[in-house]
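Colleague: Here it is, the structure in full.
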Amino acid sequence: MSAERLTVRQESVLRAIRDAIADTGDAPTIREIGHRVGLSSTGSVAYQLGRLEKLGLISRNGRHWRSCRLTG
């Protein structure tokens, strides 16, 4: 799926992940992503991460989202 088909929220979450990795070298936590994009619900952030994973834009090595990596 191309970036032009992403929702505004998905673009924000993807940008937050990219920025965090560029800043620290590590993927952000769900709470850190929520803080960066203005979502207080960790469930909402996890939902958006799940959608991005299904679209093939991120992947994770383990069970936790902190292990996510950009793929697309």
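Chain labels follow the order of the structure tokens: the first chain is A, the next B, and so on; residue numbering restarts at 1 in every chain, and ligands are counted from 1 in their shown order.
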Env of Arg15 of chain A: 10 Å cut, atoms = only C-alpha atoms, seq-sep filter 5 positions within chain, self excluded. Answer as number ranges by chain.

Modeller: A: 9-10, 20-21, 33, 36-37

Colleague: How would the residues just chosen look if you wrote them out with N, CA and C atoms as a PDB file, in the first residue's frame?

Modeller:
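Listed below is the output, selection_4.pdb:
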ATOM      1  N   ARG A   9      -3.844   9.814  10.549  1.00  0.00           N
ATOM      2  CA  ARG A   9      -3.370   9.252  11.812  1.00  0.00           C
ATOM      3  C   ARG A   9      -2.255   8.239  11.568  1.00  0.00           C
ATOM      4  N   GLN A  10      -2.416   7.387  10.562  1.00  0.00           N
ATOM      5  CA  GLN A  10      -1.392   6.398  10.244  1.00  0.00           C
ATOM      6  C   GLN A  10      -0.097   7.075   9.800  1.00  0.00           C
ATOM      7  N   ALA A  20      11.587   8.902  15.996  1.00  0.00           N
ATOM      8  CA  ALA A  20      12.157   8.308  17.210  1.00  0.00           C
ATOM      9  C   ALA A  20      13.378   7.460  16.885  1.00  0.00           C
ATOM     10  N   ILE A  21      13.300   6.686  15.816  1.00  0.00           N
ATOM     11  CA  ILE A  21      14.435   5.857  15.421  1.00  0.00           C
ATOM     12  C   ILE A  21      15.607   6.755  15.009  1.00  0.00           C
ATOM     13  N   ILE A  33       4.829   6.934  21.307  1.00  0.00           N
ATOM     14  CA  ILE A  33       4.151   7.227  20.041  1.00  0.00           C
ATOM     15  C   ILE A  33       2.885   8.037  20.321  1.00  0.00           C
ATOM     16  N   ARG A  36       3.669  11.603  21.026  1.00  0.00           N
ATOM     17  CA  ARG A  36       4.098  12.326  19.824  1.00  0.00           C
ATOM     18  C   ARG A  36       2.935  12.669  18.892  1.00  0.00           C
ATOM     19  N   VAL A  37       1.925  11.811  18.839  1.00  0.00           N
ATOM     20  CA  VAL A  37       0.826  12.044  17.893  1.00  0.00           C
ATOM     21  C   VAL A  37      -0.452  12.554  18.555  1.00  0.00           C
TER      22      VAL A  37
END

Colleague: From a DSSP pass on the backbone, collect the residues of chain A flagged as helix (DSSP H, G or I) and hand them back as number ranges by chain.

Modeller: A: 3-5, 8-24, 30-37, 42-54, 65-67

Colleague: Any idea what's packed within 8 Å of segment 43-46 of chain A, counting only C-alpha atoms, ignoring anything in its chain fewer than 2 positions away? Could you give it as a ChimeraX atom specification?

Modeller: /A:13,30,33-34,39,41,48-50

Colleague: Would you output that residue set with N, CA and C atoms, as a PDB file, in the first residue's frame?

Modeller:
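Dumped everything to again24.pdb:
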ATOM      1  N   VAL A  13       1.612   8.378  12.930  1.00  0.00           N
ATOM      2  CA  VAL A  13       2.244   7.303  13.703  1.00  0.00           C
ATOM      3  C   VAL A  13       3.526   6.845  13.010  1.00  0.00           C
ATOM      4  N   ILE A  30       4.752   2.368  22.877  1.00  0.00           N
ATOM      5  CA  ILE A  30       3.394   2.775  22.517  1.00  0.00           C
ATOM      6  C   ILE A  30       3.062   4.113  23.160  1.00  0.00           C
ATOM      7  N   ILE A  33       4.829   6.934  21.307  1.00  0.00           N
ATOM      8  CA  ILE A  33       4.151   7.227  20.041  1.00  0.00           C
ATOM      9  C   ILE A  33       2.885   8.037  20.321  1.00  0.00           C
ATOM     10  N   GLY A  34       2.104   7.600  21.296  1.00  0.00           N
ATOM     11  CA  GLY A  34       0.882   8.315  21.649  1.00  0.00           C
ATOM     12  C   GLY A  34       1.151   9.756  22.017  1.00  0.00           C
ATOM     13  N   LEU A  39      -2.326  10.960  21.040  1.00  0.00           N
ATOM     14  CA  LEU A  39      -3.282   9.926  21.432  1.00  0.00           C
ATOM     15  C   LEU A  39      -2.982   9.496  22.864  1.00  0.00           C
ATOM     16  N   SER A  41      -4.813   7.070  24.421  1.00  0.00           N
ATOM     17  CA  SER A  41      -5.187   5.672  24.547  1.00  0.00           C
ATOM     18  C   SER A  41      -4.131   4.771  23.911  1.00  0.00           C
ATOM     19  N   GLN A  48      -3.439   1.326  15.473  1.00  0.00           N
ATOM     20  CA  GLN A  48      -2.783   1.941  14.316  1.00  0.00           C
ATOM     21  C   GLN A  48      -1.511   1.181  13.947  1.00  0.00           C
ATOM     22  N   LEU A  49      -0.758   0.732  14.939  1.00  0.00           N
ATOM     23  CA  LEU A  49       0.439  -0.056  14.671  1.00  0.00           C
ATOM     24  C   LEU A  49       0.088  -1.380  13.999  1.00  0.00           C
ATOM     25  N   GLY A  50      -0.985  -1.995  14.441  1.00  0.00           N
ATOM     26  CA  GLY A  50      -1.446  -3.234  13.817  1.00  0.00           C
ATOM     27  C   GLY A  50      -1.821  -3.033  12.364  1.00  0.00           C
TER      28      GLY A  50
END

Colleague: Could you check how far atom CA of Ser59 of chain A sits from atom CA of Thr71 of chain A, in Å to one decimal?

Modeller: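 Atom-to-atom, atom CA of Ser59 of chain A to atom CA of Thr71 of chain A, that is 6.5 Å.
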
Colleague: Please give the complete set of residues from chain A that DSSP, run on the backbone, assigns to strand (DSSP E), formatted as a PyMOL selection string.

Modeller: chain A and resi 58-60+68-70

Colleague: Can you measure atom CA of Gly62 of chain A to atom CA of Tyr47 of chain A for me? One decimal in Å is fine.

Modeller: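 Rounded to one decimal, the two atoms are 16.8 Å apart.
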